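Enquirer: Hey, dropping input-v4.cif in here, mmCIF, C-alpha atoms and all ligand atoms:
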data_upload
loop_
_atom_site.group_PDB
_atom_site.id
_atom_site.type_symbol
_atom_site.label_atom_id
_atom_site.label_comp_id
_atom_site.auth_asym_id
_atom_site.auth_seq_id
_atom_site.Cartn_x
_atom_site.Cartn_y
_atom_site.Cartn_z
ATOM 1 C CA MET A 25 57.133 89.315 201.651
ATOM 2 C CA LEU A 26 60.896 89.938 201.566
ATOM 3 C CA ASP A 27 62.905 88.825 204.575
ATOM 4 C CA ALA A 28 64.609 91.642 206.449
ATOM 5 C CA PRO A 29 68.360 91.575 205.745
ATOM 6 C CA THR A 30 70.743 90.896 208.583
ATOM 7 C CA VAL A 31 74.251 92.206 209.199
ATOM 8 C CA GLU A 32 77.027 89.768 208.426
ATOM 9 C CA PRO A 33 79.176 88.627 211.361
ATOM 10 C CA ALA A 34 82.825 89.704 211.501
ATOM 11 C CA LYS A 35 84.829 87.024 209.709
ATOM 12 C CA ALA A 36 87.384 87.554 206.964
ATOM 13 C CA MET A 37 85.832 87.761 203.528
ATOM 14 C CA GLU A 38 87.196 85.364 200.908
ATOM 15 C CA PRO A 39 87.854 86.932 197.477
ATOM 16 C CA ALA A 40 85.369 84.469 195.957
ATOM 17 C CA THR A 41 82.698 85.678 198.386
ATOM 18 C CA ALA A 42 83.554 89.300 197.658
ATOM 19 C CA ALA A 43 83.015 88.649 193.952
ATOM 20 C CA LEU A 44 79.418 87.673 194.686
ATOM 21 C CA ILE A 45 78.521 90.940 196.438
ATOM 22 C CA ARG A 46 75.501 92.528 194.826
ATOM 23 C CA LEU A 47 74.586 96.204 194.938
ATOM 24 C CA ARG A 48 70.985 97.347 194.935
ATOM 25 C CA ARG A 49 68.614 100.138 195.907
ATOM 26 C CA THR A 50 67.447 100.172 199.499
ATOM 27 C CA ARG A 51 64.028 98.913 200.571
ATOM 28 C CA PRO A 52 62.123 99.682 203.775
ATOM 29 C CA GLU A 53 63.196 96.271 205.146
ATOM 30 C CA ASP A 54 66.827 97.471 205.085
ATOM 31 C CA GLY A 55 66.347 100.308 207.602
ATOM 32 C CA ALA A 56 66.921 98.209 210.727
ATOM 33 C CA ALA A 57 69.866 96.313 209.188
ATOM 34 C CA ILE A 58 71.546 99.570 208.120
ATOM 35 C CA TRP A 59 71.085 100.876 211.661
ATOM 36 C CA SER A 60 72.864 97.744 212.977
ATOM 37 C CA LEU A 61 75.553 97.871 210.307
ATOM 38 C CA ARG A 62 76.293 101.521 211.174
ATOM 39 C CA GLU A 63 77.115 100.353 214.681
ATOM 40 C CA ALA A 64 79.307 97.485 213.424
ATOM 41 C CA VAL A 65 81.169 99.843 211.060
ATOM 42 C CA GLY A 66 82.057 102.203 213.928
ATOM 43 C CA THR A 67 83.358 105.747 213.396
ATOM 44 C CA LEU A 68 80.067 107.015 211.948
ATOM 45 C CA ASP A 69 77.780 109.225 214.042
ATOM 46 C CA PRO A 70 74.868 107.257 215.528
ATOM 47 C CA ASN A 71 71.353 108.162 214.449
ATOM 48 C CA SER A 72 67.888 106.874 215.256
ATOM 49 C CA ALA A 73 66.613 103.657 213.712
ATOM 50 C CA TYR A 74 63.703 105.708 212.366
ATOM 51 C CA LEU A 75 66.078 107.858 210.329
ATOM 52 C CA TYR A 76 67.603 104.816 208.614
ATOM 53 C CA LEU A 77 64.124 103.464 207.907
ATOM 54 C CA LEU A 78 63.104 106.807 206.426
ATOM 55 C CA LEU A 79 66.186 106.916 204.200
ATOM 56 C CA ALA A 80 65.874 103.279 203.105
ATOM 57 C CA ASP A 81 62.238 103.843 202.181
ATOM 58 C CA ARG A 82 61.678 107.459 201.092
ATOM 59 C CA PHE A 83 65.181 108.050 199.651
ATOM 60 C CA ARG A 84 65.635 104.631 198.050
ATOM 61 C CA ASP A 85 66.652 106.142 194.694
ATOM 62 C CA THR A 86 69.681 107.782 196.280
ATOM 63 C CA CYS A 87 70.615 105.068 198.783
ATOM 64 C CA ALA A 88 72.123 101.638 198.212
ATOM 65 C CA VAL A 89 73.285 98.545 200.029
ATOM 66 C CA ALA A 90 75.752 95.784 199.232
ATOM 67 C CA GLU A 91 74.695 92.282 200.149
ATOM 68 C CA ASP A 92 76.588 89.037 199.988
ATOM 69 C CA ALA A 93 75.354 85.749 198.534
ATOM 70 C CA SER A 94 73.406 84.951 201.705
ATOM 71 C CA GLY A 95 71.629 88.317 201.674
ATOM 72 C CA GLY A 96 73.582 89.790 204.615
ATOM 73 C CA LEU A 97 74.418 93.490 204.351
ATOM 74 C CA VAL A 98 78.122 94.283 204.188
ATOM 75 C CA ALA A 99 77.990 97.956 203.167
ATOM 76 C CA PHE A 100 75.591 100.850 202.763
ATOM 77 C CA LEU A 101 75.434 104.302 201.232
ATOM 78 C CA THR A 102 72.898 106.951 202.215
ATOM 79 C CA GLY A 103 72.498 110.302 200.522
ATOM 80 C CA PHE A 104 70.060 112.562 198.735
ATOM 81 C CA VAL A 105 69.702 115.191 196.044
ATOM 82 C CA PRO A 106 69.178 118.494 197.906
ATOM 83 C CA PRO A 107 65.969 120.162 196.654
ATOM 84 C CA ARG A 108 67.907 123.405 196.047
ATOM 85 C CA GLN A 109 70.664 121.609 194.102
ATOM 86 C CA PRO A 110 69.039 119.185 191.653
ATOM 87 C CA ASP A 111 72.395 118.605 189.904
ATOM 88 C CA THR A 112 74.136 117.446 193.090
ATOM 89 C CA TYR A 113 74.256 114.171 194.985
ATOM 90 C CA PHE A 114 75.031 114.720 198.664
ATOM 91 C CA VAL A 115 76.544 111.726 200.444
ATOM 92 C CA TRP A 116 75.403 111.516 204.012
ATOM 93 C CA GLN A 117 76.925 108.271 205.323
ATOM 94 C CA ILE A 118 78.821 105.451 203.692
ATOM 95 C CA GLY A 119 80.023 102.460 205.661
ATOM 96 C CA VAL A 120 81.690 99.173 204.794
ATOM 97 C CA HIS A 121 81.922 96.280 207.260
ATOM 98 C CA THR A 122 85.537 95.893 208.422
ATOM 99 C CA ARG A 123 85.758 92.430 206.857
ATOM 100 C CA ALA A 124 84.864 93.816 203.419
ATOM 101 C CA ARG A 125 87.147 96.878 203.304
ATOM 102 C CA GLY A 126 89.793 97.500 200.677
ATOM 103 C CA LEU A 127 87.847 95.620 198.013
ATOM 104 C CA GLY A 128 86.611 98.728 196.187
ATOM 105 C CA LEU A 129 83.115 98.330 197.599
ATOM 106 C CA ALA A 130 82.652 101.946 198.737
ATOM 107 C CA GLY A 131 83.751 103.238 195.336
ATOM 108 C CA ARG A 132 81.355 100.832 193.635
ATOM 109 C CA LEU A 133 78.486 102.048 195.819
ATOM 110 C CA LEU A 134 79.175 105.681 194.860
ATOM 111 C CA ASP A 135 79.284 104.782 191.161
ATOM 112 C CA HIS A 136 76.167 102.640 191.477
ATOM 113 C CA VAL A 137 74.040 105.484 192.868
ATOM 114 C CA VAL A 138 75.498 108.305 190.760
ATOM 115 C CA ASP A 139 75.038 106.222 187.615
ATOM 116 C CA ARG A 140 71.316 106.038 188.228
ATOM 117 C CA LEU A 141 70.968 109.829 188.562
ATOM 118 C CA PRO A 142 71.345 111.213 185.024
ATOM 119 C CA ALA A 143 70.730 114.845 186.109
ATOM 120 C CA VAL A 144 73.549 114.766 188.650
ATOM 121 C CA ARG A 145 76.844 116.440 187.691
ATOM 122 C CA PHE A 146 78.339 117.047 191.158
ATOM 123 C CA LEU A 147 78.951 114.951 194.253
ATOM 124 C CA GLU A 148 79.271 116.540 197.671
ATOM 125 C CA ALA A 149 80.250 115.101 201.034
ATOM 126 C CA THR A 150 81.671 116.429 204.262
ATOM 127 C CA VAL A 151 84.807 114.700 205.467
ATOM 128 C CA SER A 152 86.320 115.208 208.895
ATOM 129 C CA PRO A 153 90.086 115.882 208.643
ATOM 130 C CA SER A 154 91.023 112.751 210.609
ATOM 131 C CA ASN A 155 89.146 110.432 208.228
ATOM 132 C CA THR A 156 91.869 109.573 205.741
ATOM 133 C CA ALA A 157 89.957 106.599 204.318
ATOM 134 C CA SER A 158 86.948 108.783 203.540
ATOM 135 C CA SER A 159 89.134 111.467 201.977
ATOM 136 C CA ALA A 160 90.873 108.820 199.826
ATOM 137 C CA LEU A 161 87.498 107.438 198.754
ATOM 138 C CA PHE A 162 86.241 110.792 197.437
ATOM 139 C CA ARG A 163 89.577 111.720 195.868
ATOM 140 C CA ALA A 164 89.535 108.389 194.028
ATOM 141 C CA PHE A 165 85.979 109.107 192.832
ATOM 142 C CA ALA A 166 87.098 112.519 191.489
ATOM 143 C CA ARG A 167 90.010 110.885 189.649
ATOM 144 C CA ARG A 168 87.742 108.213 188.150
ATOM 145 C CA ARG A 169 85.342 110.866 186.885
ATOM 146 C CA GLU A 170 88.225 113.129 185.774
ATOM 147 C CA ALA A 171 86.554 115.893 187.765
ATOM 148 C CA LYS A 172 87.781 118.756 189.915
ATOM 149 C CA LEU A 173 87.605 118.423 193.710
ATOM 150 C CA VAL A 174 87.178 121.648 195.693
ATOM 151 C CA VAL A 175 87.350 121.666 199.487
ATOM 152 C CA SER A 176 85.587 124.482 201.367
ATOM 153 C CA ALA A 177 84.696 125.216 204.983
ATOM 154 C CA GLY A 178 81.518 123.110 205.060
ATOM 155 C CA TYR A 179 80.396 122.807 208.678
ATOM 156 C CA PRO A 180 83.033 124.218 211.091
ATOM 157 C CA ALA A 181 83.337 122.613 214.517
ATOM 158 C CA ASP A 182 81.445 125.497 216.164
ATOM 159 C CA ARG A 183 78.299 124.551 214.233
ATOM 160 C CA PHE A 184 78.037 121.461 216.458
ATOM 161 C CA PRO A 185 76.889 121.389 220.106
ATOM 162 C CA ALA A 186 79.564 122.250 222.676
ATOM 163 C CA VAL A 187 79.757 118.760 224.204
ATOM 164 C CA GLU A 188 82.603 116.407 225.140
ATOM 165 C CA PRO A 189 84.116 114.976 223.084
ATOM 166 C CA PRO A 190 83.687 117.846 220.622
ATOM 167 C CA HIS A 191 82.536 117.110 217.073
ATOM 168 C CA GLU A 192 85.262 117.532 214.467
ATOM 169 C CA ALA A 193 84.877 120.121 211.716
ATOM 170 C CA GLU A 194 83.284 118.757 208.542
ATOM 171 C CA PRO A 195 84.919 120.423 205.498
ATOM 172 C CA LEU A 196 82.872 120.144 202.314
ATOM 173 C CA TYR A 197 84.226 118.224 199.327
ATOM 174 C CA ARG A 198 82.569 119.211 196.049
ATOM 175 C CA ILE A 199 83.438 117.105 193.008
ATOM 176 C CA GLY A 200 82.453 117.968 189.465
ATOM 177 C CA PRO A 201 81.169 118.719 187.005
ATOM 178 C CA PHE A 202 81.338 115.187 185.624
ATOM 179 C CA GLU A 203 79.627 113.490 182.746
ATOM 180 C CA PRO A 204 77.100 110.745 183.401
ATOM 181 C CA SER A 205 78.646 107.315 183.029
ATOM 182 C CA PRO A 206 78.054 105.641 179.638
ATOM 183 C CA THR A 207 76.168 102.955 181.562
ATOM 184 C CA SER A 208 73.973 105.592 183.241
ATOM 185 C CA SER A 209 70.421 104.380 183.481
ATOM 186 C CA PRO A 210 67.518 105.510 185.657
ATOM 187 C CA THR A 211 66.359 101.892 185.918
ATOM 188 C CA GLU A 212 67.366 99.537 188.711
ATOM 189 C CA ASN A 213 70.935 98.280 188.400
ATOM 190 C CA THR A 214 71.627 95.077 190.252
ATOM 191 C CA SER A 215 74.932 94.247 188.608
ATOM 192 C CA THR A 216 78.013 93.561 190.683
ATOM 193 C CA SER A 217 80.219 95.918 188.686
HETATM 194 C C1 LIG B 301 85.700 104.926 204.128
HETATM 195 C C2 LIG B 301 85.218 103.519 203.771
HETATM 196 C C3 LIG B 301 83.725 103.597 203.442
HETATM 197 C C4 LIG B 301 86.008 103.030 202.533
HETATM 198 O O1 LIG B 301 85.485 101.746 202.169
HETATM 199 P P1 LIG B 301 86.277 100.724 201.218
HETATM 200 O O2 LIG B 301 85.275 99.855 200.548
HETATM 201 O O3 LIG B 301 87.355 100.058 201.992
HETATM 202 O O4 LIG B 301 86.952 101.728 200.159
HETATM 203 P P2 LIG B 301 87.409 101.340 198.681
HETATM 204 O O5 LIG B 301 88.052 99.968 198.725
HETATM 205 O O6 LIG B 301 86.298 101.568 197.729
HETATM 206 O O7 LIG B 301 88.578 102.393 198.443
HETATM 207 C C5 LIG B 301 88.354 103.657 197.813
HETATM 208 C C6 LIG B 301 89.677 104.426 197.774
HETATM 209 O O8 LIG B 301 90.055 104.810 199.097
HETATM 210 C C7 LIG B 301 91.322 104.252 199.428
HETATM 211 N N1 LIG B 301 91.264 103.855 200.826
HETATM 212 C C8 LIG B 301 90.324 103.049 201.402
HETATM 213 N N2 LIG B 301 90.602 102.892 202.713
HETATM 214 C C9 LIG B 301 91.724 103.610 202.961
HETATM 215 C C10 LIG B 301 92.493 103.854 204.125
HETATM 216 N N3 LIG B 301 92.159 103.317 205.321
HETATM 217 N N4 LIG B 301 93.576 104.670 204.024
HETATM 218 C C11 LIG B 301 93.932 105.223 202.842
HETATM 219 N N5 LIG B 301 93.230 105.024 201.691
HETATM 220 C C12 LIG B 301 92.139 104.233 201.753
HETATM 221 C C13 LIG B 301 91.509 103.082 198.487
HETATM 222 O O9 LIG B 301 92.879 102.780 198.279
HETATM 223 C C14 LIG B 301 90.832 103.611 197.237
HETATM 224 O O10 LIG B 301 91.655 104.528 196.569
HETATM 225 P P3 LIG B 301 92.366 104.133 195.146
HETATM 226 O O11 LIG B 301 91.223 103.843 194.196
HETATM 227 O O12 LIG B 301 93.143 105.352 194.830
HETATM 228 O O13 LIG B 301 93.190 102.909 195.442
HETATM 229 C C15 LIG B 301 85.471 102.510 204.941
HETATM 230 O O14 LIG B 301 86.811 102.628 205.364
HETATM 231 C C16 LIG B 301 84.565 102.721 206.138
HETATM 232 O O15 LIG B 301 83.462 102.165 206.212
HETATM 233 N N6 LIG B 301 85.021 103.543 207.114
HETATM 234 C C17 LIG B 301 84.218 103.812 208.341
HETATM 235 C C18 LIG B 301 83.033 104.713 208.029
HETATM 236 C C19 LIG B 301 83.441 106.041 207.415
HETATM 237 O O16 LIG B 301 84.364 106.694 207.900
HETATM 238 N N7 LIG B 301 82.726 106.457 206.339
HETATM 239 C C20 LIG B 301 83.043 107.685 205.624
HETATM 240 C C21 LIG B 301 82.386 108.891 206.192
HETATM 241 S S1 LIG B 301 80.634 108.964 205.927
#
Can you give me the file's structure in the form of structure tokens?
Expert:
Amino acid sequence: MLDAPTVEPAKAMEPATAALIRLRRTRPEDGAAIWSLREAVGTLDPNSAYLYLLLADRFRDTCAVAEDASGGLVAFLTGFVPPRQPDTYFVWQIGVHTRARGLGLAGRLLDHVVDRLPAVRFLEATVSPSNTASSALFRAFARRREAKLVVSAGYPADRFPAVEPPHEAEPLYRIGPFEPSPTSSPTENTSTS
């Protein structure tokens, strides 16, 4: 049986360690660790542990994690292909541990999942206006794919419950169409690039 991954403690990541980070599909064992990592990442909306287990298991083809040489999770990406939009990958949450930011890991995770979905020509995500890092991430993806990025209303703030603090609006970023990467393969990709 595979050991359940843990979340890496907060200590600065050496470049040599970063080079050993491996990306892979999620497995059911990752659900609890992603739930913990979400908390360590901050910013992201909290969700139930069951939801992360469900995504790690039932949506493993459209979710991914990044683990370091010791098997600790340092980043995750969850998303799905909406049944009504089989050509679109919708990113739900992406989070990188603070000690592993700025190393291109989030961009690699997006490429890693999109490259295993040969029918996908568009990427969608909602990005709250205050999240400049998230906006930069998706704009960089659009540039890499040489694809158009269109921003529309998405989910306005009044779609969320009227609680304090209020939920920010979530404008929709739609990127595409793009061509599948030359390395696109529906088989498992465990490379670090
Ligand atoms: C957003 C997040 C996932 C980016 O992770 P990352 O691994 O540091 O991002 P990358 O290194 O792959 O950078 C991707 C691009 O975004 C840019 N970027 C990353 N962080 C940035 C920041 N704080 N401000 C401005 N630009 C930023 C990078 O320069 C890069 O653009 P470039 O290719 O033009 O240079 C990370 O900051 C995070 O986990 N934030 C908290 C959770 C969150 O808000 N998730 C997104 C919403 S679901």
Enquirer: Apply the PyMOL selection byres (((not hetatm)) within 8 of (chain B and resi 301)) to the file shown and report the selected residues as a count of residues only.
Expert: 37
Enquirer: Find the distance between atom CA of A:Pro39 and atom CA of A:Arg123 and write it in Å to one decimal.
Expert: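 Between these atoms lies a distance of 11.1 Å.
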Enquirer: Nearest to A:Val31 among A:Ser94, A:Gln109, A:Ser72, A:Ser176, with distances taken over all atoms listed in the file: which residue is it?
Expert: A:Ser94
Enquirer: Could you check which of A:Asp69, A:Asp135, A:Glu148, A:Asp54 is closest to A:Gly96, using only C-alpha atoms?
Expert: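 That would be A:Asp54, the residue with the smallest distance to A:Gly96.
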Enquirer: Which residues, named as in the file, does the PyMOL selection byres (((chain A and resi 49) around 6) and not hetatm) pick out? Answer as a list in words.
Expert: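 Going through the file, the PyMOL selection byres (((chain A and resi 49) around 6) and not hetatm) ends up selecting Arg48, Thr50, Arg84 and Ala88 of chain A.
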Enquirer: Since we have the selection now, will you write its residues out, keeping C-alpha atoms, as a PDB file, keeping the file's coordinate frame?
Expert:
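Saved as selection.pdb:
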ATOM      1  CA  ARG A  48      70.985  97.347 194.935  1.00  0.00           C
ATOM      2  CA  THR A  50      67.447 100.172 199.499  1.00  0.00           C
ATOM      3  CA  ARG A  84      65.635 104.631 198.050  1.00  0.00           C
ATOM      4  CA  ALA A  88      72.123 101.638 198.212  1.00  0.00           C
TER       5      ALA A  88
END
Enquirer: Can you spell out as a PyMOL selection string the set of residues that the PyMOL selection byres (((chain A and resi 46) around 12) and not hetatm) selects in the structure I just provided?
Expert: chain A and resi 41-45+47-49+88-100+129+132-133+136+213-217
Enquirer: Name the closest residue to A:Glu203 among the candidates A:Gly55, A:Pro190, A:Pro180, A:Pro142; distances are taken between atoms, counting all atoms listed in the file.
Expert: A:Pro142
Enquirer: Which is closest to A:Val138 among A:Phe114, A:Tyr76, A:Tyr179, A:Phe184, if we use all atoms listed in the file?
Expert: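 Closest candidate: A:Phe114.
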Enquirer: May I ask for the distance between atom CA of A:Ser205 and atom CA of A:Leu141, given in Å to one decimal place?
Expert: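 Separation of atom CA of A:Ser205 and atom CA of A:Leu141: 9.8 Å.
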Enquirer: For atom CA of A:Leu79 and atom CA of A:Pro107, quote the distance in Å rounded to one decimal.
Expert: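 We find that atom CA of A:Leu79 and atom CA of A:Pro107 lie 15.2 Å from each other.
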Enquirer: Using all atoms listed in the file for the distances, tell me which of A:Arg167, A:Lys172, A:Arg82, A:His191 is nearest to A:Arg145.
Expert: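 The answer is A:Lys172, which sits nearest to A:Arg145.
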Enquirer: Measuring between all atoms listed in the file, which one of A:Pro153, A:Leu147, A:Leu134, A:Arg169 shows the shortest distance to A:Glu194?
Expert: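 Closest to A:Glu194 of all the choices is A:Pro153.
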